[in-house]
Amino acid sequence: MVISLNELRSGERGTIQQINGGKFLIDRLNALGIRPGKEIYKISSMFTSGPVTVQIDRTQVAIGLGMAKKIIITTDRNMA
Amino acid sequence: MKILLMGNPNVGKSVIFSRLTGVRVISSNYPGTTVSYTRGFMKIEGRDAEIIDVPGTYTLEPTSEAEEIAREMLESGDIIINVVDATNLERNLYLTLQLLERDIPVVVACNLWDDTSHCGIDINLEKLSELLGVPVIPTSGLTGQGIKELVVNLFRATSPSRTPMNRDERWAQVGNIIHQVQRIEHKHHRWYERLEDASVKPIKGGIIAVIVLAVSFMLIRFIGEHLISGVFDPFFDKLWLPVLEKISAVMGSGGLLHDIFIGKLIGGKIHFVESFGLLSSGLYIPFGMVLPYIISFYLVLSIMEDTGYLPRLAVLLDTSMHRLGLHGFAIIPTMLGFGCNVPAIMATRILESKRERFIAATLVSIAIPCASAQAMIFGLVGREGIQYVAIVYGTLFVVWVVLGLILNRIMKGRSPELLIEIPPYRFPVWNMVFYKLWQRGRGFLNEALPVILIAVLVINILFFLGVFDYIARFTAPVVTGVLGLPEESVTAIVVGFLRKDAALGMLALSSLTAKQYVVGSVVLTMFFPCMAAFVVLYRELGLKDLLKSMAIMITAALTVGGILNLIL
């Protein structure tokens with residue numbers, strides 16, 4: 001199924017499908033290794049509006065919630 | 001010849017720089033330690049070469065100020081040493097490809113090479129070198145492995161001048177290269193990797209943060225107090241005091257020269273704080289009171305910096321910091337501010353927007369007491385009882401929060417979102433920690449000692465000439481009326497423009513009540529940064545924002561001082 005990064009659960013993996021953002025955002029995220037086709041692992045998120053922490057390859061990145069919402073992920077999680 | 005060290009943030013450029021030039025620079029385990037560039041020199045085969053440690057950059061498309069600087073510097077270089085993190089090769093190669101598109105010779109240093117084997121990473125360096133078309137040298141900044149080879153290969157640096165590509169083509173190329181040179185063997189999570197994950201989870205991470213901060217605070221107190229009672233006080237009491245007493249007797253126990261060098265005798269005796277002579281307070285304040293805390297604070301901070309904990313604290317605090325108009329990363333300048341506001345204000349450069357830098361720098365200057373101020377607060381206010389110290393810190397914390405809330409409200413724009421790389425945990429390298437400590441301790445003495453001595457000298461002369469009586473009468477309505485301090489405390493406030501430690505020391509000259517000590521220390525901390533911090537603030541903010549910041553400081557200091565005077 002296709003969800004945004006903030007909807008991915010902690011401890012779950014997915015593959016980045018696309019980033020819905022301008023060139024500037026895409027440049028910044030790409031530079032940290034966050035780009036379509038990469039496998040992404042979500043380590044944690046905060047309770048309310050805090051950042052999510054993810055791992056791509058061996059890089060860990062903390063991403064603000066607003067940006068996380070723009071990162072679209074496919075997971076093999078069922079619609080259950 | 002100009003050689004540029006370029007690479008992603010936190011890949012160890014500064015350590016390699018130190019290895020090459022012998023110029024030791026401060027490095028830490030979080031991205032963005034090098035906010036301005038550092039230069040050093042070395043001889044290569046008899047030729048003088050200038051080496052420049054360029055701030056870390058992920059890409060040549062400028063997405064932050066540090067990257068802007070890096071891009072500009074690129075124009076002036078003759079050879080580039082591109083430092084890449086061997087444990088993160090894929091992400092690092094993007095910048096490498098961009099550099100290879102430029103018309104400038106490049107040699108690649110594959111750093112943190114010693115980490116690859118236990119990470120289960122295998123890189124075929126020959127193949128990588130062949131694909132990139134430039135020499136690739138495995139290095140380890142920490143052990144010094146590969147540094148000689150790197151120097152030898154500088155003259156083999158080549159510029160393949162690859163055809164410029166767009167972003168997607170470049171990433172495709174990176175993927176292609178990685179596929180050919182890198183094998184990763186999956187390894188199980190180690191205990192410190194579990195700890196890494198736990199530190200950014202809301203509950204476990206919160207508990208860890210409380211423990212880390214509490215232990216740090218206790219360590220700072222413990223080491224600081226023991227240095228004072230075990231080393232510095234015995235030195236001053238047993239060795240220095242007898243010398244001063246002899247000098248005092250020779251000088252006839254009074255007179256202008258005696259007052260300048262030894263100070264006023266308090267009850268017939270020399271008092272290290274209250275006498276206020278060059279050889280008594282002028283030396284005791286920097287060495288006996290502040291230096292012990294500089295040592296203990298920076299020891300603990302250096303350990304925290306090098307383990308890589310601070311960025312995780314930034315993640316945990318991000319939500320709360322947003323309410324103050326900042327994001328979590330602003331916790332790093334804030335923590336540095338507890339040591340000295342100067343590097344703290346400089347470190348606000350790691351924040352993206354001008355608005356955020358203004359808020360962070362203003363909050364640090366107003367509400368974060370530096371180690372000098374804190375040592376004096378503990379030394380003087382602590383004599384009246386630890387609860388008064390708590391009131392000072394509590395007040396400053398409330399000011400920090402309330403002022404942040406207000407600034408966030410009234411300033412246009414919003415604070416940008418957090419986006420930072422979280423470095424892996426590393427064990428601190430002890431000689432690095434002690435080197436940083438040595439640098440910072442020496443930096444403190446170089447900056448503080450002359451200023452304190454000159455301040456003591458000038459103040460004694462002004463006292464003698466009666467200048468302060470005039471100022472005191474003039475400022476009495478504010479100092480006495482609003483703040484409830486004795487008239488002569490204005491001298492401390494004047495000295496506060498120069499240095500906080502000497503200023504707080506001067507509060508002790510008029511016999512204050514506990515409440516007056518609290519008001520005095522809060523006002524001295526808040527109302528004006530010391531001279532050095534003021535200069536940096538001007539450099540970072542520009543004149544207009546500096547004036548704004550100053551207006552906020554003075555208003556806040558008088559308001560808070562007035563309120564404390566009323567309610568205590």
# chains A, B, ... in the order shown; residues from 1 in each chain; ligands from 1

$ select_by_dssp --residues "segment 245-405 of chain B" --states "helix (DSSP H, G or I)" --output "PyMOL selection string"
chain B and resi 245-250+256-261+281-307+310-323+328-337+341-350+354-367+371-384+386-405

$ interface_residues --of "chain A" --to "chain B" --cutoff "9 Å" --atoms "only C-alpha atoms" --output "mmCIF file with C-alpha atoms, in the first residue's frame"
data_model
loop_
_atom_site.group_PDB
_atom_site.id
_atom_site.type_symbol
_atom_site.label_atom_id
_atom_site.label_comp_id
_atom_site.auth_asym_id
_atom_site.auth_seq_id
_atom_site.Cartn_x
_atom_site.Cartn_y
_atom_site.Cartn_z
ATOM 1 C CA PHE A 24 14.905 22.856 -2.921
ATOM 2 C CA LEU A 25 13.303 20.236 -0.674
ATOM 3 C CA ASP A 27 17.795 18.589 -3.213
ATOM 4 C CA ARG A 28 18.072 18.653 0.562
ATOM 5 C CA LEU A 29 16.442 15.265 1.035
ATOM 6 C CA ASN A 30 18.418 13.675 -1.799
ATOM 7 C CA ALA A 31 21.640 14.948 -0.299
ATOM 8 C CA LEU A 32 20.878 12.932 2.832
ATOM 9 C CA GLY A 33 20.176 9.829 0.761
ATOM 10 C CA ILE A 43 13.131 4.181 13.838
ATOM 11 C CA SER A 44 10.826 6.454 15.780
ATOM 12 C CA SER A 45 8.420 9.328 15.845
ATOM 13 C CA MET A 46 7.243 11.652 18.600
ATOM 14 C CA PHE A 47 3.754 11.661 20.079
ATOM 15 C CA THR A 48 2.276 14.712 18.465
ATOM 16 C CA SER A 49 3.999 16.901 15.961
ATOM 17 C CA GLY A 50 7.654 16.033 16.407
ATOM 18 C CA PRO A 51 10.144 14.792 13.837
ATOM 19 C CA VAL A 52 10.402 11.225 12.580
ATOM 20 C CA THR A 53 13.746 9.459 12.618
ATOM 21 C CA ASP A 57 21.498 2.623 4.219
ATOM 22 C CA ARG A 58 23.691 3.552 7.161
ATOM 23 C CA THR A 59 22.544 7.141 7.500
ATOM 24 C CA GLN A 60 20.084 8.148 10.203
ATOM 25 C CA VAL A 61 18.107 11.285 9.547
ATOM 26 C CA ALA A 62 15.574 13.222 11.620
ATOM 27 C CA ILE A 63 12.874 14.774 9.442
ATOM 28 C CA GLY A 64 10.293 17.338 10.511
ATOM 29 C CA LEU A 65 6.708 16.137 10.317
ATOM 30 C CA GLY A 66 5.699 18.478 7.507
ATOM 31 C CA MET A 67 8.459 17.147 5.299
#

$ atom_distance --atom1 "atom CA of Tyr393 of chain B" --atom2 "atom CA of Gly562 of chain B"
16.7 Å

$ residues_around --residues "Glu39 of chain A" --least-positions-apart "5" --cutoff "9 Å" --atoms "only C-alpha atoms" --output "list in words"
Arg13, Gly14, Thr15, Ile16, Ile34, Gln55, Ile56 and Asp57 of chain A

$ atom_distance --atom1 "atom CA of Leu483 of chain B" --atom2 "atom CA of Val392 of chain B"
14.7 Å

$ atom_distance --atom1 "atom CA of Ile51 of chain B" --atom2 "atom CA of Thr38 of chain B"
8.4 Å

$ closest_residue --among "B:Ile16, B:Ala502, B:Leu566, B:Leu396" --to "Ala375 of chain B" --atoms "only C-alpha atoms"
B:Ala502

$ residues_around --residues "Val11 of chain B" --least-positions-apart "6" --cutoff "9 Å" --atoms "only C-alpha atoms" --output "VMD selection string"
chain B and resid 31 56 83 to 86 111 to 112

$ write_last_selection --atoms "C-alpha atoms" --output "CSV table (one decimal), in the first residue's frame"
chain,number,residue,atom,x,y,z
B,31,PRO,CA,27.3,17.8,11.5
B,56,GLY,CA,30.9,20.3,5.2
B,83,VAL,CA,37.0,13.3,2.1
B,84,VAL,CA,34.2,10.7,1.9
B,85,ASP,CA,32.8,8.5,4.7
B,86,ALA,CA,33.5,4.9,3.7
B,111,ASN,CA,37.9,8.1,5.5
B,112,LEU,CA,36.7,6.1,8.5

$ closest_residue --among "A:Arg35, A:Lys42, A:Ile73, A:Ile26" --to "Gly11 of chain A" --atoms "only C-alpha atoms"
A:Lys42

$ residues_around --residues "Leu227 of chain B" --least-positions-apart "3" --cutoff "12 Å" --atoms "only C-alpha atoms" --output "list in words"
Leu219, Ile220, Arg221, Phe222, Ile223, Gly224, Gly230, Val231, Phe232, Asp233, Pro234, Phe235, Phe287, Gly288, Met289, Val290, Leu291, Pro292, Tyr293, Ile294, Ile295, Ser296 and Phe297 of chain B

$ closest_residue --among "A:Gly21, A:Leu8, A:Ala68, A:Val54" --to "Tyr41 of chain A" --atoms "only C-alpha atoms"
A:Val54

$ select_by_dssp --residues "chain A" --states "strand (DSSP E or B)" --output "ChimeraX atom specification"
/A:2-4,13-19,39-45,52-56,59-63,71-74
